[in-house]
Structure formats: structure tokens, C-alpha cells
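Below: one structure, written as C-alpha cells.
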Amino acid sequence: MKSRTRENQKFSVNEKTSKKFSVSKKLQRNFLGSRKFTKFSRKSQTEIIGLAIVVVLLIIGMTFVIRFMLAKEPVDYKKQFTQAEIASNMLNTFLKSTSKDCNGLTMTELLQDCGHSKSILCENNQGSCDYAEETAREVFSNTLDIWNLDYEFKAFQQEESPIFTLGSPCPASKKSKTFPIPTGSGTLFVKLDVCG
Amino acid sequence: MMETIMVLFIFFILVVMGFVFYAKILKGNLEQQKEESIQLNAIEVAQRASSLPELQCSEDNIVSDNCIDLLKLEAASEIMQQNDVYYYDRLLFSKITVNEIYPDNNEWILYIRPLDEFSNKITTNIPISLFNPIENKNSFGIMTVELFLK
């Protein structure tokens, strides 16, 4: 009985150890599995970080490309200045100019007469309108035509029916200047458009 | 190991390509800025030349814009050419001429200090009124400013 018990005890001890063994094996398996899992998850995390870095680099690169592709056009300051200055100064200077052979009258005075009574007759038997037009043609052919600048110059009281027009209308952008000249029968406008 | 080397290699190629692209863009921007600065310089010189007090028309101490007194012009063309070192600070390496277009044709050289070897020349034309105070007449003139650049 004793021995039996002992055997039994032994048996029970063996059973215990085998149980213990099986538990430790399970634990070990679990432990190894989790280690494997940790190893895998660490590797995939590293790969994801690598992928994220590549994506970030690509985004930065694309931002730069887009930024420089959409970069502003170079500003042509000189062209802007020249056109604005020319449109204004040409008209101002032309209107102030004294005629060569028309009783020492200025272009403004000739255009005033042209818009009102047309009573002035110049030394070359030209009327005030024709004289002003011819002078404008001479001045513009020696300036804007030589500088290869397209323009439209006109004098009018009503824009639909101008007294005279030089040059051709600007197809696109232009710098424009208009000078009003008061006459006995309303205001006469002198307008210069410099194209470009 | 080989895989890591390849990845690093590609990564560095991408970085180098990025730097090359960036340097190219930067160079283009610098050239653009230089061109803009040259243009602004040309405008500055043209404006200084057209508003020189030595030439401006005035009546009772009131200055009229966009006008050159012919008597002052004749005197200044001699004086300014003799004292070109003094005017260099304002007008740099340039040539400034005034041409009468209408009713007569005349030319005055106001300032001349060109560069022997220049890479670029910027010409600015400014229409300007030429006032003769003796006859009280205005002529149509053009002031031409040629700026020489190294």
C-alpha cells in the first residue's frame, strides 16, 4: 500500500512534472511565437517607415517641381515703364509742340480749331486738321515706327467717328493715354494706345 | 546586405538628382533677378537723366515736367562732358543724347562714358519737350539713354 502509495505518489509526481513540462512547453511555444511575431512586426514597421520616408521625399520633390513650374513669369520692368512713359510723354510733348509753318500755333491750338470752326489756314494752304494729322504722322514715323512699336493714335469728339486715325488698333494689351482738349463745340479727345 | 546597399544607392541617386534640379532652378532665378536688377538700373538712370536740374525748364522757380530748356541743354552738354567723373555716380557707364525730331533736326550729346568692352547695352527713349525761351517755342525731342553693362 505504501509502495503503491509511493508509486501512486511517484506517479502523481511524474504526472505533476509532465504537467509542469507540458505547461512550460506551452509557455515556451508561446514565448517563441511572440518573439517571432515581435521580430516580424519590427521588420514590417521598419519597412513601413522606409516607405513613409520615400513618400515624404516624393511629396517634397513634387512640391518643389510644382513650385518652380508655377513660378511667376519674369517681369519686364523696362517694357512696362517705357510703354507707360511713351504713351503719356508722346501725347504731352506732341500737343505742346509749336508748328513749323502754321503761324507759330501749337498742336493743341490747331486741334482746338479742328474740333470747332476749322477756320485756320496754314502757310502751306493746309487746314488745321490736315496740318495736325500730317505733323503727327511725321513725328510718329520718326519715333514709334523706328522703335518697332505698334500704336493707334486718334483725335475724336465721338469715338465712333474720329477726325483722324494713325496706326492700327491694338490686338491685345496696350498702354493708353487720353488728353481732353476743350473746344467751342464740346471736348475733343486725343488718344494714344501703345500696343504690347 | 546587398539589398541595403542598393536601397542606399538609389536613395543617394535621388538626393543628387534633387540637388542638381534645385541648383538649376536657383541659377535660373538668380539670372532672372539679375536681369530685373539691370532693367531697374536702366530705368533709374533714364529717370535721373530726364530730370536733371541742369536741364529742366522752369519759370519763376516753378519746374515744368518732361521739358528741357534748350539754352541750358547747350550749356550743359559742354559742362557735363568735361565733368564726366562727377556725373558718373548718377549716370554710370552710359551715353545720353537729345535729338530734336520736329520741327527741325538737331542732336546734342549730353554725357558720354561708354565701356570699351560691354556685354549688354540697354537703350531707353524718352519723348521730351525742348523749350526755346528766346522764341517761346516748344519742339518735339527724344532723350536717348544708352546704358552699358559689363
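In the C-alpha cells, chains take the letters A, B, ... in the order shown, each chain's residues start at 1, and ligands count up from 1 in the order shown.
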Polymer residues at most 10 Å from Ile181 in chain A, only C-alpha atoms, same-chain spacing of 3 or more positions, as a list in words | Leu95, Thr108, Glu109, Leu111, Gln112, Gly115, Ala155, Gln157, Thr178, Gly186, Thr187, Leu188, Phe189 and Val190 of chain A
Which residues come within 9 Å of range 31-41 of chain B, counting only C-alpha atoms, excluding same-chain residues fewer than 6 positions away, as a list of chain:residue names? A:Pro74, A:Val75, A:Asp76, A:Tyr77, A:Lys78, A:Lys79, B:Ile122, B:Leu147, B:Leu149
Keeping C-alpha atoms for every residue in the selection just given, could you write it to a file as an mmCIF file, in the first residue's frame?
data_model
loop_
_atom_site.group_PDB
_atom_site.id
_atom_site.type_symbol
_atom_site.label_atom_id
_atom_site.label_comp_id
_atom_site.auth_asym_id
_atom_site.auth_seq_id
_atom_site.Cartn_x
_atom_site.Cartn_y
_atom_site.Cartn_z
ATOM 1 C CA PRO A 74 9.887 87.360 -65.296
ATOM 2 C CA VAL A 75 8.643 90.924 -65.029
ATOM 3 C CA ASP A 76 9.762 93.165 -67.871
ATOM 4 C CA TYR A 77 10.037 96.367 -65.846
ATOM 5 C CA LYS A 78 11.695 98.315 -68.637
ATOM 6 C CA LYS A 79 8.996 97.469 -71.168
ATOM 7 C CA ILE B 122 20.101 98.894 -72.785
ATOM 8 C CA LEU B 147 23.404 102.115 -70.535
ATOM 9 C CA LEU B 149 26.852 96.798 -68.878
#
*Glu123 in chain A environment, 12 Å, only C-alpha atoms, sequence neighbours closer than 4 positions dropped, as a PyMOL selection string*: chain A and resi 99-105+127-128+131
### Counting only C-alpha atoms, chain A residues within 6 Å of chain B, as number ranges by chain
A: 78, 89-90, 93, 97-98, 100
CA of Ala172 in chain A to CA of Gln47 in chain B measures 27.9 Å
inquiry  = With DSSP run on the backbone, what are the helix (DSSP H, G or I) residues within chain B? I'd like them as number ranges by chain.
reply    = B: 2-50, 70-82, 84-91
Leu71 in chain B environment, 8 Å, only C-alpha atoms, sequence neighbours closer than 2 positions dropped, as a compact mmCIF listing (two decimals) with all heavy atoms, in the first residue's frame:
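As written to disk, result.txt reads:
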# COMPACT_ATOMS: atom_id res chain seq x y z
N ASP B 69 15.16 122.82 -71.20
CA ASP B 69 15.42 124.18 -71.67
C ASP B 69 16.57 124.12 -72.66
O ASP B 69 17.66 123.64 -72.32
CB ASP B 69 15.77 125.05 -70.45
CG ASP B 69 15.82 126.53 -70.78
OD1 ASP B 69 16.38 126.87 -71.84
OD2 ASP B 69 15.31 127.32 -69.97
N LEU B 73 20.45 123.20 -72.12
CA LEU B 73 20.96 122.00 -72.79
C LEU B 73 22.29 122.27 -73.49
O LEU B 73 23.24 121.47 -73.39
CB LEU B 73 19.91 121.48 -73.80
CG LEU B 73 20.29 120.28 -74.64
CD1 LEU B 73 20.48 119.03 -73.80
CD2 LEU B 73 19.23 120.01 -75.71
N GLU B 74 22.33 123.39 -74.20
CA GLU B 74 23.56 123.74 -74.92
C GLU B 74 24.73 123.95 -73.96
O GLU B 74 25.85 123.51 -74.23
CB GLU B 74 23.34 124.96 -75.80
CG GLU B 74 22.76 124.55 -77.15
CD GLU B 74 22.14 125.67 -77.94
OE1 GLU B 74 22.40 126.84 -77.61
OE2 GLU B 74 21.37 125.38 -78.88
N ALA B 75 24.44 124.60 -72.84
CA ALA B 75 25.50 124.84 -71.86
C ALA B 75 25.90 123.54 -71.16
O ALA B 75 27.09 123.25 -71.01
CB ALA B 75 25.02 125.86 -70.83
N ASN B 132 12.44 126.54 -76.22
CA ASN B 132 13.34 127.64 -76.57
C ASN B 132 12.80 128.90 -75.91
O ASN B 132 11.80 129.46 -76.35
CB ASN B 132 13.38 127.79 -78.10
CG ASN B 132 14.38 128.82 -78.55
OD1 ASN B 132 14.76 129.72 -77.79
ND2 ASN B 132 14.83 128.70 -79.79
N PRO B 133 13.44 129.36 -74.83
CA PRO B 133 12.88 130.51 -74.08
C PRO B 133 12.99 131.84 -74.83
O PRO B 133 12.26 132.77 -74.52
CB PRO B 133 13.71 130.54 -72.80
CG PRO B 133 14.91 129.73 -73.06
CD PRO B 133 14.67 128.85 -74.22
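Ranking A:Met62, A:Ala52, A:Cys195, A:Met69 by their shortest atom-to-atom distance to Leu144 in chain A, with only C-alpha atoms included, puts A:Cys195 first.
CA of Ser176 in chain A is found 5.7 Å from CA of Leu192 in chain A.
Minimum distance to Arg90 in chain B across B:Ala49, B:Cys57, B:Leu115, B:Ile62 (counting only C-alpha atoms) occurs at B:Ala49.
Secondary structure by DSSP on the backbone puts the following residues of range 21-186 of chain A in strand (DSSP E or B): Thr98, Thr106, Leu121, Gly127, Tyr151, Glu152, Phe153, Lys154, Ala155, Phe156, Phe164, Thr165, Leu166, Gly167, Lys174, Lys175, Ser176, Lys177, Thr178, Phe179, Pro180, Ile181, Pro182, Thr183 and Gly186 of chain A.
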Could you write out the selected residues, including N, CA, C and O atoms, as a compact mmCIF listing (two decimals), in the first residue's frame?
# COMPACT_ATOMS: atom_id res chain seq x y z
N THR A 98 5.32 123.37 -81.08
CA THR A 98 4.93 124.51 -81.93
C THR A 98 5.08 124.08 -83.39
O THR A 98 6.05 123.42 -83.75
N THR A 106 0.48 126.05 -81.61
CA THR A 106 0.83 124.72 -81.07
C THR A 106 -0.17 123.70 -81.60
O THR A 106 -1.23 124.06 -82.13
N LEU A 121 -6.00 128.55 -91.64
CA LEU A 121 -5.35 128.05 -92.86
C LEU A 121 -3.85 128.27 -92.69
O LEU A 121 -3.40 129.40 -92.48
N GLY A 127 -5.50 123.00 -93.94
CA GLY A 127 -6.37 123.33 -92.81
C GLY A 127 -5.77 122.81 -91.51
O GLY A 127 -4.82 122.00 -91.54
N TYR A 151 1.01 101.07 -82.58
CA TYR A 151 0.24 102.08 -81.86
C TYR A 151 -1.03 102.43 -82.62
O TYR A 151 -1.18 102.10 -83.80
N GLU A 152 -1.91 103.10 -81.92
CA GLU A 152 -3.09 103.71 -82.57
C GLU A 152 -3.26 105.10 -81.98
O GLU A 152 -3.36 105.26 -80.76
N PHE A 153 -3.24 106.07 -82.86
CA PHE A 153 -3.40 107.47 -82.43
C PHE A 153 -4.65 108.03 -83.08
O PHE A 153 -4.83 107.92 -84.28
N LYS A 154 -5.52 108.61 -82.27
CA LYS A 154 -6.70 109.21 -82.90
C LYS A 154 -7.18 110.45 -82.16
O LYS A 154 -6.96 110.60 -80.95
N ALA A 155 -7.79 111.33 -82.94
CA ALA A 155 -8.40 112.54 -82.39
C ALA A 155 -9.90 112.44 -82.69
O ALA A 155 -10.29 112.15 -83.82
N PHE A 156 -10.69 112.65 -81.67
CA PHE A 156 -12.14 112.48 -81.87
C PHE A 156 -12.95 113.30 -80.87
O PHE A 156 -12.46 113.68 -79.80
N PHE A 164 -9.31 111.96 -87.26
CA PHE A 164 -8.27 111.20 -87.99
C PHE A 164 -7.69 110.10 -87.09
O PHE A 164 -7.75 110.20 -85.86
N THR A 165 -7.19 109.07 -87.74
CA THR A 165 -6.59 107.94 -87.02
C THR A 165 -5.26 107.57 -87.68
O THR A 165 -5.17 107.53 -88.90
N LEU A 166 -4.27 107.32 -86.86
CA LEU A 166 -2.98 106.84 -87.37
C LEU A 166 -2.68 105.50 -86.72
O LEU A 166 -3.08 105.26 -85.58
N GLY A 167 -1.96 104.64 -87.42
CA GLY A 167 -1.64 103.31 -86.88
C GLY A 167 -2.84 102.38 -86.95
O GLY A 167 -3.81 102.66 -87.67
N LYS A 174 -2.45 96.89 -74.09
CA LYS A 174 -1.97 98.21 -74.54
C LYS A 174 -1.84 99.15 -73.35
O LYS A 174 -2.45 98.94 -72.30
N LYS A 175 -1.02 100.18 -73.54
CA LYS A 175 -0.94 101.26 -72.57
C LYS A 175 -1.60 102.46 -73.25
O LYS A 175 -1.21 102.85 -74.35
N SER A 176 -2.56 103.02 -72.60
CA SER A 176 -3.37 104.04 -73.24
C SER A 176 -3.31 105.37 -72.49
O SER A 176 -3.21 105.40 -71.27
N LYS A 177 -3.35 106.46 -73.25
CA LYS A 177 -3.40 107.79 -72.63
C LYS A 177 -4.35 108.67 -73.45
O LYS A 177 -4.28 108.71 -74.67
N THR A 178 -5.22 109.39 -72.76
CA THR A 178 -6.16 110.26 -73.44
C THR A 178 -6.03 111.67 -72.87
O THR A 178 -5.98 111.84 -71.65
N PHE A 179 -5.97 112.65 -73.76
CA PHE A 179 -5.90 114.05 -73.33
C PHE A 179 -7.16 114.77 -73.82
O PHE A 179 -7.43 114.77 -75.01
N PRO A 180 -7.91 115.38 -72.95
CA PRO A 180 -9.08 116.15 -73.40
C PRO A 180 -8.67 117.59 -73.75
O PRO A 180 -7.87 118.20 -73.04
N ILE A 181 -9.19 118.08 -74.86
CA ILE A 181 -8.91 119.47 -75.25
C ILE A 181 -10.26 120.19 -75.37
O ILE A 181 -11.09 119.81 -76.21
N PRO A 182 -10.48 121.19 -74.56
CA PRO A 182 -11.77 121.89 -74.64
C PRO A 182 -11.86 122.75 -75.91
O PRO A 182 -10.90 123.46 -76.25
N THR A 183 -12.96 122.66 -76.63
CA THR A 183 -13.17 123.48 -77.84
C THR A 183 -14.51 124.23 -77.69
O THR A 183 -15.26 123.97 -76.74
N GLY A 186 -17.78 121.57 -77.62
CA GLY A 186 -17.55 120.32 -76.88
C GLY A 186 -16.07 120.00 -76.71
O GLY A 186 -15.21 120.80 -77.08
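Here CA of Leu92 in chain B is placed at a distance of 24.0 Å from CA of Trp147 in chain A.
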So that I can check the surroundings of Lys95 in chain B, please list as a PyMOL selection string every protein, DNA and RNA residue that reaches within 12 Å of it, counting only C-alpha atoms and ignoring chain neighbours fewer than 6 positions away. chain B and resi 42+45-46+49+77+80-81+84+87-88+108-115+121-125+143-149
